[in-house]
>>> print(open('protein.pdb').read())   # PDB, C-alpha atoms
ATOM      1  CA  MET A 207     138.417 132.391  79.215
ATOM      2  CA  LYS A 208     138.375 130.757  82.635
ATOM      3  CA  LYS A 209     135.245 132.710  83.544
ATOM      4  CA  VAL A 210     133.526 131.496  80.365
ATOM      5  CA  TYR A 211     134.400 127.847  81.105
ATOM      6  CA  ARG A 212     133.145 128.214  84.688
ATOM      7  CA  PHE A 213     129.899 129.703  83.435
ATOM      8  CA  LEU A 214     129.398 126.879  80.918
ATOM      9  CA  ALA A 215     130.144 124.285  83.618
ATOM     10  CA  LEU A 216     127.540 125.830  85.940
ATOM     11  CA  VAL A 217     124.948 125.791  83.138
ATOM     12  CA  ALA A 218     125.729 122.135  82.342
ATOM     13  CA  ASN A 219     125.402 121.124  86.016
ATOM     14  CA  ALA A 220     122.072 122.943  86.285
ATOM     15  CA  CYS A 221     120.771 121.105  83.211
ATOM     16  CA  VAL A 222     121.823 117.752  84.655
ATOM     17  CA  MET A 223     120.074 118.536  87.937
ATOM     18  CA  THR A 224     116.911 119.555  86.068
ATOM     19  CA  VAL A 225     116.882 116.316  84.084
ATOM     20  CA  MET A 226     117.416 114.238  87.236
ATOM     21  CA  VAL A 227     114.530 115.936  89.037
ATOM     22  CA  ALA A 228     112.234 115.619  86.028
ATOM     23  CA  CYS A 229     112.981 111.927  85.530
ATOM     24  CA  GLY A 230     113.135 110.854  89.152
ATOM     25  CA  GLY A 231     110.181 112.377  90.932
ATOM     26  CA  ASP A 232     109.012 111.200  94.345
ATOM     27  CA  ASP A 233     108.020 107.725  93.142
ATOM     28  CA  LYS A 234     111.484 106.840  91.733
ATOM     29  CA  VAL A 235     109.794 104.795  88.981
ATOM     30  CA  PRO A 236     109.803 106.312  85.477
ATOM     31  CA  GLY A 237     106.304 106.275  84.010
ATOM     32  CA  ASN A 238     104.558 106.156  87.400
ATOM     33  CA  THR A 239     103.009 109.578  86.908
ATOM     34  CA  GLU A 240     100.344 109.021  89.594
ATOM     35  CA  ASN A 241     103.017 108.130  92.165
ATOM     36  CA  LEU A 242     101.138 104.923  92.977
ATOM     37  CA  PRO A 243     102.472 102.185  95.257
ATOM     38  CA  THR A 244     104.368  99.437  93.448
ATOM     39  CA  THR A 245     104.144  96.847  96.226
ATOM     40  CA  LEU A 246     101.412  95.475  98.475
ATOM     41  CA  SER A 247     101.328  93.191 101.500
ATOM     42  CA  GLU A 248      97.998  92.468 103.180
ATOM     43  CA  LYS A 249      97.331  89.789 105.812
ATOM     44  CA  PHE A 250      93.862  91.048 106.811
ATOM     45  CA  ASP A 251      94.849  91.069 110.490
ATOM     46  CA  ASN A 252      92.500  94.027 110.982
ATOM     47  CA  GLY A 253      89.791  92.942 108.571
ATOM     48  CA  ILE A 254      89.327  94.442 105.116
ATOM     49  CA  PRO A 255      91.347  97.675 104.759
ATOM     50  CA  SER A 256      89.429 100.869 104.069
ATOM     51  CA  ASP A 257      91.344 101.508 100.828
ATOM     52  CA  TRP A 258      90.216  98.181  99.326
ATOM     53  CA  THR A 259      86.949  98.075  97.349
ATOM     54  CA  ASN A 260      84.302  95.468  98.215
ATOM     55  CA  ILE A 261      81.585  95.048  95.576
ATOM     56  CA  ASP A 262      78.438  92.935  96.027
ATOM     57  CA  ALA A 263      77.698  92.703  92.294
ATOM     58  CA  ASP A 264      74.807  90.226  92.689
ATOM     59  CA  GLY A 265      73.074  92.523  95.175
ATOM     60  CA  ASP A 266      72.185  89.908  97.779
ATOM     61  CA  GLY A 267      73.628  91.965 100.631
ATOM     62  CA  ARG A 268      76.491  89.522 101.170
ATOM     63  CA  ALA A 269      79.983  90.554 100.071
ATOM     64  CA  TRP A 270      83.513  89.601 101.158
ATOM     65  CA  GLN A 271      83.722  89.701 104.953
ATOM     66  CA  ASP A 272      86.018  88.919 107.883
ATOM     67  CA  TYR A 273      83.561  86.675 109.749
ATOM     68  CA  ILE A 274      81.566  83.487 109.254
ATOM     69  CA  LEU A 275      78.098  82.618 110.546
ATOM     70  CA  ASP A 276      77.654  79.768 112.978
ATOM     71  CA  VAL A 277      74.634  77.460 112.806
ATOM     72  CA  ALA A 278      72.650  79.883 114.987
ATOM     73  CA  GLY A 279      73.429  82.817 112.702
ATOM     74  CA  ASN A 280      75.952  84.474 115.031
ATOM     75  CA  HIS A 281      78.951  86.309 113.575
ATOM     76  CA  ILE A 282      82.182  84.463 114.406
ATOM     77  CA  SER A 283      85.283  86.528 113.635
ATOM     78  CA  LEU A 284      87.973  85.158 111.357
ATOM     79  CA  ASP A 285      91.406  86.081 112.658
ATOM     80  CA  GLY A 286      93.546  87.356 109.801
ATOM     81  CA  GLN A 287      91.502  86.083 106.842
ATOM     82  CA  VAL A 288      88.580  87.186 104.693
ATOM     83  CA  CYS A 289      85.929  85.021 103.085
ATOM     84  CA  SER A 290      83.028  84.880 100.669
ATOM     85  CA  GLY A 291      80.253  82.292 100.672
ATOM     86  CA  SER A 292      78.037  80.478  98.203
ATOM     87  CA  TYR A 293      76.219  79.038 101.229
ATOM     88  CA  LEU A 294      75.914  80.625 104.662
ATOM     89  CA  ASN A 295      74.649  78.959 107.816
ATOM     90  CA  SER A 296      71.181  80.156 108.869
ATOM     91  CA  ILE A 297      70.720  81.730 105.403
ATOM     92  CA  GLY A 298      71.189  78.889 102.915
ATOM     93  CA  ALA A 299      72.368  78.769  99.319
ATOM     94  CA  LEU A 300      73.607  81.926  97.589
ATOM     95  CA  GLU A 301      74.716  82.747  94.056
ATOM     96  CA  PRO A 302      77.637  85.084  94.788
ATOM     97  CA  ASP A 303      79.234  87.595  92.483
ATOM     98  CA  ASN A 304      81.558  89.335  94.909
ATOM     99  CA  TYR A 305      84.650  91.398  94.116
ATOM    100  CA  LEU A 306      87.385  92.252  96.615
ATOM    101  CA  ILE A 307      89.707  94.753  94.943
ATOM    102  CA  THR A 308      93.125  96.095  95.886
ATOM    103  CA  PRO A 309      94.038  99.782  95.723
ATOM    104  CA  LYS A 310      95.407 100.850  92.348
ATOM    105  CA  LEU A 311      99.038  99.808  91.854
ATOM    106  CA  TYR A 312     101.746 100.656  89.361
ATOM    107  CA  ILE A 313     102.994  97.346  87.962
ATOM    108  CA  LYS A 314     106.784  97.203  87.779
ATOM    109  CA  ALA A 315     108.723  94.879  85.495
ATOM    110  CA  GLY A 316     109.203  91.495  87.146
ATOM    111  CA  ALA A 317     106.365  91.962  89.655
ATOM    112  CA  THR A 318     104.349  88.973  90.844
ATOM    113  CA  LEU A 319     101.114  88.474  92.743
ATOM    114  CA  SER A 320     101.002  85.901  95.540
ATOM    115  CA  TYR A 321      98.009  84.921  97.690
ATOM    116  CA  ASP A 322      96.613  82.065  99.786
ATOM    117  CA  VAL A 323      93.226  80.570  98.942
ATOM    118  CA  ALA A 324      91.445  77.835 100.865
ATOM    119  CA  PRO A 325      88.040  76.269 101.452
ATOM    120  CA  PHE A 326      86.542  76.676 104.907
ATOM    121  CA  ASP A 327      85.399  73.052 104.845
ATOM    122  CA  THR A 328      87.291  70.199 103.162
ATOM    123  CA  ILE A 329      84.028  68.388 102.346
ATOM    124  CA  TYR A 330      82.314  71.371 100.716
ATOM    125  CA  TYR A 331      85.154  73.052  98.859
ATOM    126  CA  PRO A 332      85.009  73.656  95.069
ATOM    127  CA  ASP A 333      83.866  77.299  95.175
ATOM    128  CA  HIS A 334      84.747  79.060  91.932
ATOM    129  CA  TYR A 335      86.800  82.245  91.756
ATOM    130  CA  ALA A 336      88.967  84.329  89.439
ATOM    131  CA  VAL A 337      91.738  86.871  89.879
ATOM    132  CA  LEU A 338      91.473  89.782  87.458
ATOM    133  CA  VAL A 339      93.342  92.974  86.648
ATOM    134  CA  GLY A 340      91.494  96.101  85.620
ATOM    135  CA  THR A 341      90.243  99.482  86.777
ATOM    136  CA  ILE A 342      87.337 100.818  88.828
ATOM    137  CA  GLU A 343      85.027 103.440  87.358
ATOM    138  CA  ASP A 344      81.884 104.693  89.092
ATOM    139  CA  GLY A 345      81.925 101.727  91.480
ATOM    140  CA  VAL A 346      82.172  99.153  88.672
ATOM    141  CA  PHE A 347      85.213  96.968  88.063
ATOM    142  CA  ASN A 348      86.292  96.869  84.420
ATOM    143  CA  PRO A 349      88.618  93.898  83.774
ATOM    144  CA  VAL A 350      91.412  93.991  81.215
ATOM    145  CA  GLY A 351      92.840  90.541  81.902
ATOM    146  CA  THR A 352      92.480  87.307  83.871
ATOM    147  CA  LEU A 353      95.359  86.006  85.973
ATOM    148  CA  VAL A 354      93.678  82.923  87.480
ATOM    149  CA  GLU A 355      90.322  81.192  87.134
ATOM    150  CA  GLU A 356      89.668  77.945  88.967
ATOM    151  CA  ASP A 357      87.729  76.057  91.627
ATOM    152  CA  CYS A 358      89.156  76.007  95.132
ATOM    153  CA  SER A 359      91.093  72.838  95.850
ATOM    154  CA  GLN A 360      90.470  70.736  98.936
ATOM    155  CA  ALA A 361      93.400  72.185 100.878
ATOM    156  CA  ALA A 362      94.909  75.638 101.292
ATOM    157  CA  VAL A 363      97.316  76.602  98.516
ATOM    158  CA  THR A 364      99.561  79.527  97.668
ATOM    159  CA  ARG A 365      99.223  80.860  94.149
ATOM    160  CA  THR A 366     101.988  82.996  92.598
ATOM    161  CA  VAL A 367     101.461  84.526  89.159
ATOM    162  CA  SER A 368     103.507  86.909  87.013
ATOM    163  CA  LEU A 369     102.251  90.445  86.415
ATOM    164  CA  ASN A 370     104.931  91.160  83.834
ATOM    165  CA  GLU A 371     102.392  91.263  80.997
ATOM    166  CA  TYR A 372     100.990  94.414  82.631
ATOM    167  CA  LYS A 373     104.264  96.175  83.468
ATOM    168  CA  GLY A 374     104.112  99.929  83.169
ATOM    169  CA  GLN A 375     100.346 100.019  83.746
ATOM    170  CA  SER A 376      98.317 101.376  86.670
ATOM    171  CA  LEU A 377      95.770  98.729  87.644
ATOM    172  CA  ASN A 378      93.690  97.205  90.420
ATOM    173  CA  ILE A 379      93.652  93.484  91.191
ATOM    174  CA  ALA A 380      90.266  91.895  91.903
ATOM    175  CA  PHE A 381      89.403  88.608  93.609
ATOM    176  CA  ARG A 382      86.016  87.572  92.217
ATOM    177  CA  HIS A 383      83.932  84.776  93.831
ATOM    178  CA  TYR A 384      81.224  83.726  91.384
ATOM    179  CA  ASN A 385      79.774  81.017  89.107
ATOM    180  CA  CYS A 386      78.878  78.658  91.958
ATOM    181  CA  THR A 387      76.082  78.055  94.438
ATOM    182  CA  ASP A 388      75.375  75.983  97.540
ATOM    183  CA  VAL A 389      79.027  74.962  98.038
ATOM    184  CA  TYR A 390      80.184  76.772 101.164
ATOM    185  CA  VAL A 391      82.865  79.384 101.961
ATOM    186  CA  MET A 392      86.242  80.236 100.426
ATOM    187  CA  THR A 393      88.927  82.197 102.269
ATOM    188  CA  LEU A 394      91.667  84.564 101.107
ATOM    189  CA  ASP A 395      94.869  85.599 102.891
ATOM    190  CA  ASN A 396      98.435  86.896 102.475
ATOM    191  CA  VAL A 397      97.971  88.985  99.337
ATOM    192  CA  THR A 398     101.357  90.251  98.175
ATOM    193  CA  VAL A 399     102.489  92.186  95.117
ATOM    194  CA  GLY A 400     106.167  92.813  94.453
ATOM    195  CA  THR A 401     109.364  91.126  93.350
ATOM    196  CA  GLY A 402     111.288  88.350  95.062
ATOM    197  CA  ALA A 403     108.317  86.675  96.765
ATOM    198  CA  LYS A 404     109.333  84.235  99.506
ATOM    199  CA  ALA A 405     107.881  80.743  99.799
ATOM    200  CA  HIS A 406     105.628  80.075 102.788
ATOM    201  CA  VAL A 407     103.053  77.574 103.998
ATOM    202  CA  ALA A 408      99.537  78.485 102.881
ATOM    203  CA  THR A 409      97.187  79.573 105.638
ATOM    204  CA  GLU A 410      94.484  77.067 106.550
ATOM    205  CA  PRO A 411      91.149  78.490 107.777
ATOM    206  CA  GLN A 412      90.559  78.568 111.499
ATOM    207  CA  LYS A 413      88.738  75.624 113.014
ATOM    208  CA  LEU A 414      85.852  77.315 114.785
ATOM    209  CA  GLN A 415      83.075  75.705 116.799
ATOM    210  CA  ASN A 416      79.585  75.415 115.322
ATOM    211  CA  THR A 417      80.601  76.738 111.905
ATOM    212  CA  ASN A 418      80.377  73.576 109.826
ATOM    213  CA  LYS A 419      77.934  73.672 106.962
ATOM    214  CA  GLU A 420      74.445  72.726 108.085
ATOM    215  CA  LYS A 421      73.541  69.336 106.656
TER     216      LYS A 421
END
>>> encode(input="protein.pdb", output="structure tokens")
Amino acid sequence: MKKVYRFLALVANACVMTVMVACGGDDKVPGNTENLPTTLSEKFDNGIPSDWTNIDADGDGRAWQDYILDVAGNHISLDGQVCSGSYLNSIGALEPDNYLITPKLYIKAGATLSYDVAPFDTIYYPDHYAVLVGTIEDGVFNPVGTLVEEDCSQAAVTRTVSLNEYKGQSLNIAFRHYNCTDVYVMTLDNVTVGTGAKAHVATEPQKLQNTNKEK
């Protein structure tokens, strides 16, 4: 009888191990079958990462970028920020429809999105933008929901929004600059996805020489 009990115990332990392996996986998050990242932290210290998607939907050749033009048309690097313009020095007014899109993420329960948004100039500031969730197919972003839609305020602000409505889904997050013209430049920084976001002071754009909007 002892041998039978030992055999049954070994079978039971093997079944438990099999269930643990099947449920756990490498991602440790049930339902995350693609083993996608569940958190994100991007400060753009090295420009736009290669695994982000940058779409110039209006086709004017100007998308999100990590530099601004001075009044002579020279590229002046932004340190640790990215921007999109509805007016660019030496070019003039634009009608942007630009998407900057995160890699695909698996949205955990309780996750939030936090980011800094600011105008490059406090006189020319109400550029319009939205933050969307969706998927990318054949180079096109397909939204399934809107997290934020607003004009930039006059000063840098940190926005924090819940992603809990989308928990258990695998989605991209898009920052869309659109529905404005001849304003100036908006900047984006400190994009974070996760739980337990910490408060911080929103990043103001750099004060660079010869980059004010041409009057």
>>> closest_residue(input="protein.pdb", among="A:Asn378, A:Lys373, A:Asn416, A:Asp388", to="A:Ala315", atoms="all atoms listed in the file")
A:Lys373
>>> closest_residue(input="protein.pdb", among="A:Gln360, A:Ser283, A:Asn238, A:Asn295", to="A:Lys413", atoms="all atoms listed in the file")
A:Ser283
>>> atom_distance(input="protein.pdb", atom1="atom CA of A:Thr364", atom2="atom CA of A:Asp285")
18.3 Å
>>> residues_around(input="protein.pdb", residues="A:Gly316", least_positions_apart="5", cutoff="9 Å", atoms="all atoms listed in the file", output="VMD selection string")
chain A and resid 368 to 370 373 400 to 402
>>> resolve_selection(input="protein.pdb", expression="the PyMOL selection byres ((chain A and resi 392) around 6)", output="PyMOL selection string")
chain A and resi 289-290+324-326+391+393
>>> decode(input="protein.pdb", residues="stretch 344-384 of chain A", atoms="N, CA and C atoms", output="PDB file, in the first residue's frame")
ATOM      1  N   ASP A 344      -0.632  47.325 -40.841  1.00  0.00           N
ATOM      2  CA  ASP A 344      -0.143  47.800 -42.141  1.00  0.00           C
ATOM      3  C   ASP A 344       0.237  49.273 -42.099  1.00  0.00           C
ATOM      4  N   GLY A 345       0.875  49.705 -40.998  1.00  0.00           N
ATOM      5  CA  GLY A 345       1.334  51.077 -40.882  1.00  0.00           C
ATOM      6  C   GLY A 345       0.260  52.093 -40.558  1.00  0.00           C
ATOM      7  N   VAL A 346      -0.952  51.635 -40.260  1.00  0.00           N
ATOM      8  CA  VAL A 346      -2.065  52.528 -39.928  1.00  0.00           C
ATOM      9  C   VAL A 346      -2.485  52.272 -38.483  1.00  0.00           C
ATOM     10  N   PHE A 347      -2.689  53.349 -37.733  1.00  0.00           N
ATOM     11  CA  PHE A 347      -3.147  53.217 -36.357  1.00  0.00           C
ATOM     12  C   PHE A 347      -4.668  53.155 -36.320  1.00  0.00           C
ATOM     13  N   ASN A 348      -5.194  52.130 -35.669  1.00  0.00           N
ATOM     14  CA  ASN A 348      -6.634  51.933 -35.565  1.00  0.00           C
ATOM     15  C   ASN A 348      -7.058  52.132 -34.112  1.00  0.00           C
ATOM     16  N   PRO A 349      -7.655  53.286 -33.779  1.00  0.00           N
ATOM     17  CA  PRO A 349      -7.994  53.571 -32.383  1.00  0.00           C
ATOM     18  C   PRO A 349      -9.195  52.769 -31.909  1.00  0.00           C
ATOM     19  N   VAL A 350      -9.168  52.426 -30.616  1.00  0.00           N
ATOM     20  CA  VAL A 350     -10.328  51.789 -29.987  1.00  0.00           C
ATOM     21  C   VAL A 350     -10.848  52.639 -28.827  1.00  0.00           C
ATOM     22  N   GLY A 351     -10.122  53.676 -28.467  1.00  0.00           N
ATOM     23  CA  GLY A 351     -10.571  54.538 -27.381  1.00  0.00           C
ATOM     24  C   GLY A 351      -9.724  55.783 -27.262  1.00  0.00           C
ATOM     25  N   THR A 352     -10.273  56.817 -26.647  1.00  0.00           N
ATOM     26  CA  THR A 352      -9.584  58.087 -26.429  1.00  0.00           C
ATOM     27  C   THR A 352      -9.380  58.294 -24.935  1.00  0.00           C
ATOM     28  N   LEU A 353      -8.148  58.530 -24.540  1.00  0.00           N
ATOM     29  CA  LEU A 353      -7.824  58.776 -23.140  1.00  0.00           C
ATOM     30  C   LEU A 353      -7.869  60.257 -22.798  1.00  0.00           C
ATOM     31  N   VAL A 354      -7.346  61.088 -23.702  1.00  0.00           N
ATOM     32  CA  VAL A 354      -7.285  62.541 -23.504  1.00  0.00           C
ATOM     33  C   VAL A 354      -7.472  63.207 -24.853  1.00  0.00           C
ATOM     34  N   GLU A 355      -8.198  64.323 -24.876  1.00  0.00           N
ATOM     35  CA  GLU A 355      -8.214  65.205 -26.039  1.00  0.00           C
ATOM     36  C   GLU A 355      -8.347  66.629 -25.522  1.00  0.00           C
ATOM     37  N   GLU A 356      -7.380  67.474 -25.900  1.00  0.00           N
ATOM     38  CA  GLU A 356      -7.372  68.833 -25.367  1.00  0.00           C
ATOM     39  C   GLU A 356      -6.390  69.705 -26.139  1.00  0.00           C
ATOM     40  N   ASP A 357      -6.440  71.010 -25.862  1.00  0.00           N
ATOM     41  CA  ASP A 357      -5.406  71.937 -26.319  1.00  0.00           C
ATOM     42  C   ASP A 357      -4.312  71.994 -25.255  1.00  0.00           C
ATOM     43  N   CYS A 358      -3.097  72.203 -25.693  1.00  0.00           N
ATOM     44  CA  CYS A 358      -2.003  72.411 -24.732  1.00  0.00           C
ATOM     45  C   CYS A 358      -2.313  73.640 -23.885  1.00  0.00           C
ATOM     46  N   SER A 359      -1.989  73.563 -22.611  1.00  0.00           N
ATOM     47  CA  SER A 359      -2.120  74.735 -21.748  1.00  0.00           C
ATOM     48  C   SER A 359      -0.869  75.590 -21.867  1.00  0.00           C
ATOM     49  N   GLN A 360      -0.844  76.712 -21.198  1.00  0.00           N
ATOM     50  CA  GLN A 360       0.241  77.669 -21.369  1.00  0.00           C
ATOM     51  C   GLN A 360       1.530  77.220 -20.699  1.00  0.00           C
ATOM     52  N   ALA A 361       1.430  76.333 -19.739  1.00  0.00           N
ATOM     53  CA  ALA A 361       2.609  75.841 -19.023  1.00  0.00           C
ATOM     54  C   ALA A 361       2.677  74.320 -19.138  1.00  0.00           C
ATOM     55  N   ALA A 362       3.842  73.774 -18.817  1.00  0.00           N
ATOM     56  CA  ALA A 362       4.013  72.326 -18.818  1.00  0.00           C
ATOM     57  C   ALA A 362       3.155  71.685 -17.739  1.00  0.00           C
ATOM     58  N   VAL A 363       2.521  70.563 -18.077  1.00  0.00           N
ATOM     59  CA  VAL A 363       1.697  69.848 -17.108  1.00  0.00           C
ATOM     60  C   VAL A 363       1.974  68.349 -17.222  1.00  0.00           C
ATOM     61  N   THR A 364       1.731  67.655 -16.124  1.00  0.00           N
ATOM     62  CA  THR A 364       1.769  66.197 -16.116  1.00  0.00           C
ATOM     63  C   THR A 364       0.345  65.676 -16.136  1.00  0.00           C
ATOM     64  N   ARG A 365       0.052  64.816 -17.077  1.00  0.00           N
ATOM     65  CA  ARG A 365      -1.255  64.180 -17.146  1.00  0.00           C
ATOM     66  C   ARG A 365      -1.111  62.712 -16.710  1.00  0.00           C
ATOM     67  N   THR A 366      -2.020  62.257 -15.857  1.00  0.00           N
ATOM     68  CA  THR A 366      -2.058  60.856 -15.437  1.00  0.00           C
ATOM     69  C   THR A 366      -3.482  60.350 -15.625  1.00  0.00           C
ATOM     70  N   VAL A 367      -3.630  59.280 -16.401  1.00  0.00           N
ATOM     71  CA  VAL A 367      -4.958  58.753 -16.708  1.00  0.00           C
ATOM     72  C   VAL A 367      -4.974  57.252 -16.470  1.00  0.00           C
ATOM     73  N   SER A 368      -6.130  56.737 -16.054  1.00  0.00           N
ATOM     74  CA  SER A 368      -6.289  55.309 -15.797  1.00  0.00           C
ATOM     75  C   SER A 368      -6.411  54.540 -17.112  1.00  0.00           C
ATOM     76  N   LEU A 369      -5.787  53.365 -17.140  1.00  0.00           N
ATOM     77  CA  LEU A 369      -5.932  52.444 -18.268  1.00  0.00           C
ATOM     78  C   LEU A 369      -6.790  51.245 -17.891  1.00  0.00           C
ATOM     79  N   ASN A 370      -7.427  51.305 -16.739  1.00  0.00           N
ATOM     80  CA  ASN A 370      -8.119  50.142 -16.202  1.00  0.00           C
ATOM     81  C   ASN A 370      -9.255  49.663 -17.098  1.00  0.00           C
ATOM     82  N   GLU A 371      -9.836  50.582 -17.870  1.00  0.00           N
ATOM     83  CA  GLU A 371     -10.905  50.202 -18.798  1.00  0.00           C
ATOM     84  C   GLU A 371     -10.415  49.191 -19.830  1.00  0.00           C
ATOM     85  N   TYR A 372      -9.092  49.180 -20.071  1.00  0.00           N
ATOM     86  CA  TYR A 372      -8.515  48.335 -21.115  1.00  0.00           C
ATOM     87  C   TYR A 372      -7.695  47.185 -20.538  1.00  0.00           C
ATOM     88  N   LYS A 373      -7.887  46.879 -19.272  1.00  0.00           N
ATOM     89  CA  LYS A 373      -7.110  45.807 -18.634  1.00  0.00           C
ATOM     90  C   LYS A 373      -7.355  44.479 -19.360  1.00  0.00           C
ATOM     91  N   GLY A 374      -6.281  43.716 -19.462  1.00  0.00           N
ATOM     92  CA  GLY A 374      -6.367  42.431 -20.134  1.00  0.00           C
ATOM     93  C   GLY A 374      -6.261  42.500 -21.634  1.00  0.00           C
ATOM     94  N   GLN A 375      -6.039  43.708 -22.196  1.00  0.00           N
ATOM     95  CA  GLN A 375      -5.919  43.865 -23.637  1.00  0.00           C
ATOM     96  C   GLN A 375      -4.482  44.203 -24.030  1.00  0.00           C
ATOM     97  N   SER A 376      -4.127  43.873 -25.257  1.00  0.00           N
ATOM     98  CA  SER A 376      -2.807  44.175 -25.811  1.00  0.00           C
ATOM     99  C   SER A 376      -2.960  45.331 -26.789  1.00  0.00           C
ATOM    100  N   LEU A 377      -2.422  46.493 -26.430  1.00  0.00           N
ATOM    101  CA  LEU A 377      -2.692  47.720 -27.175  1.00  0.00           C
ATOM    102  C   LEU A 377      -1.456  48.606 -27.285  1.00  0.00           C
ATOM    103  N   ASN A 378      -1.489  49.494 -28.262  1.00  0.00           N
ATOM    104  CA  ASN A 378      -0.519  50.581 -28.380  1.00  0.00           C
ATOM    105  C   ASN A 378      -1.163  51.861 -27.880  1.00  0.00           C
ATOM    106  N   ILE A 379      -0.339  52.805 -27.457  1.00  0.00           N
ATOM    107  CA  ILE A 379      -0.807  54.124 -27.038  1.00  0.00           C
ATOM    108  C   ILE A 379      -0.233  55.151 -28.005  1.00  0.00           C
ATOM    109  N   ALA A 380      -1.101  55.990 -28.564  1.00  0.00           N
ATOM    110  CA  ALA A 380      -0.681  56.957 -29.578  1.00  0.00           C
ATOM    111  C   ALA A 380      -0.888  58.382 -29.085  1.00  0.00           C
ATOM    112  N   PHE A 381       0.112  59.222 -29.337  1.00  0.00           N
ATOM    113  CA  PHE A 381       0.020  60.663 -29.095  1.00  0.00           C
ATOM    114  C   PHE A 381      -0.176  61.318 -30.463  1.00  0.00           C
ATOM    115  N   ARG A 382      -1.364  61.874 -30.678  1.00  0.00           N
ATOM    116  CA  ARG A 382      -1.722  62.435 -31.977  1.00  0.00           C
ATOM    117  C   ARG A 382      -1.788  63.959 -31.888  1.00  0.00           C
ATOM    118  N   HIS A 383      -0.996  64.655 -32.699  1.00  0.00           N
ATOM    119  CA  HIS A 383      -1.016  66.119 -32.813  1.00  0.00           C
ATOM    120  C   HIS A 383      -1.758  66.456 -34.096  1.00  0.00           C
ATOM    121  N   TYR A 384      -2.877  67.170 -33.962  1.00  0.00           N
ATOM    122  CA  TYR A 384      -3.752  67.374 -35.129  1.00  0.00           C
ATOM    123  C   TYR A 384      -4.760  68.481 -34.829  1.00  0.00           C
TER     124      TYR A 384
END
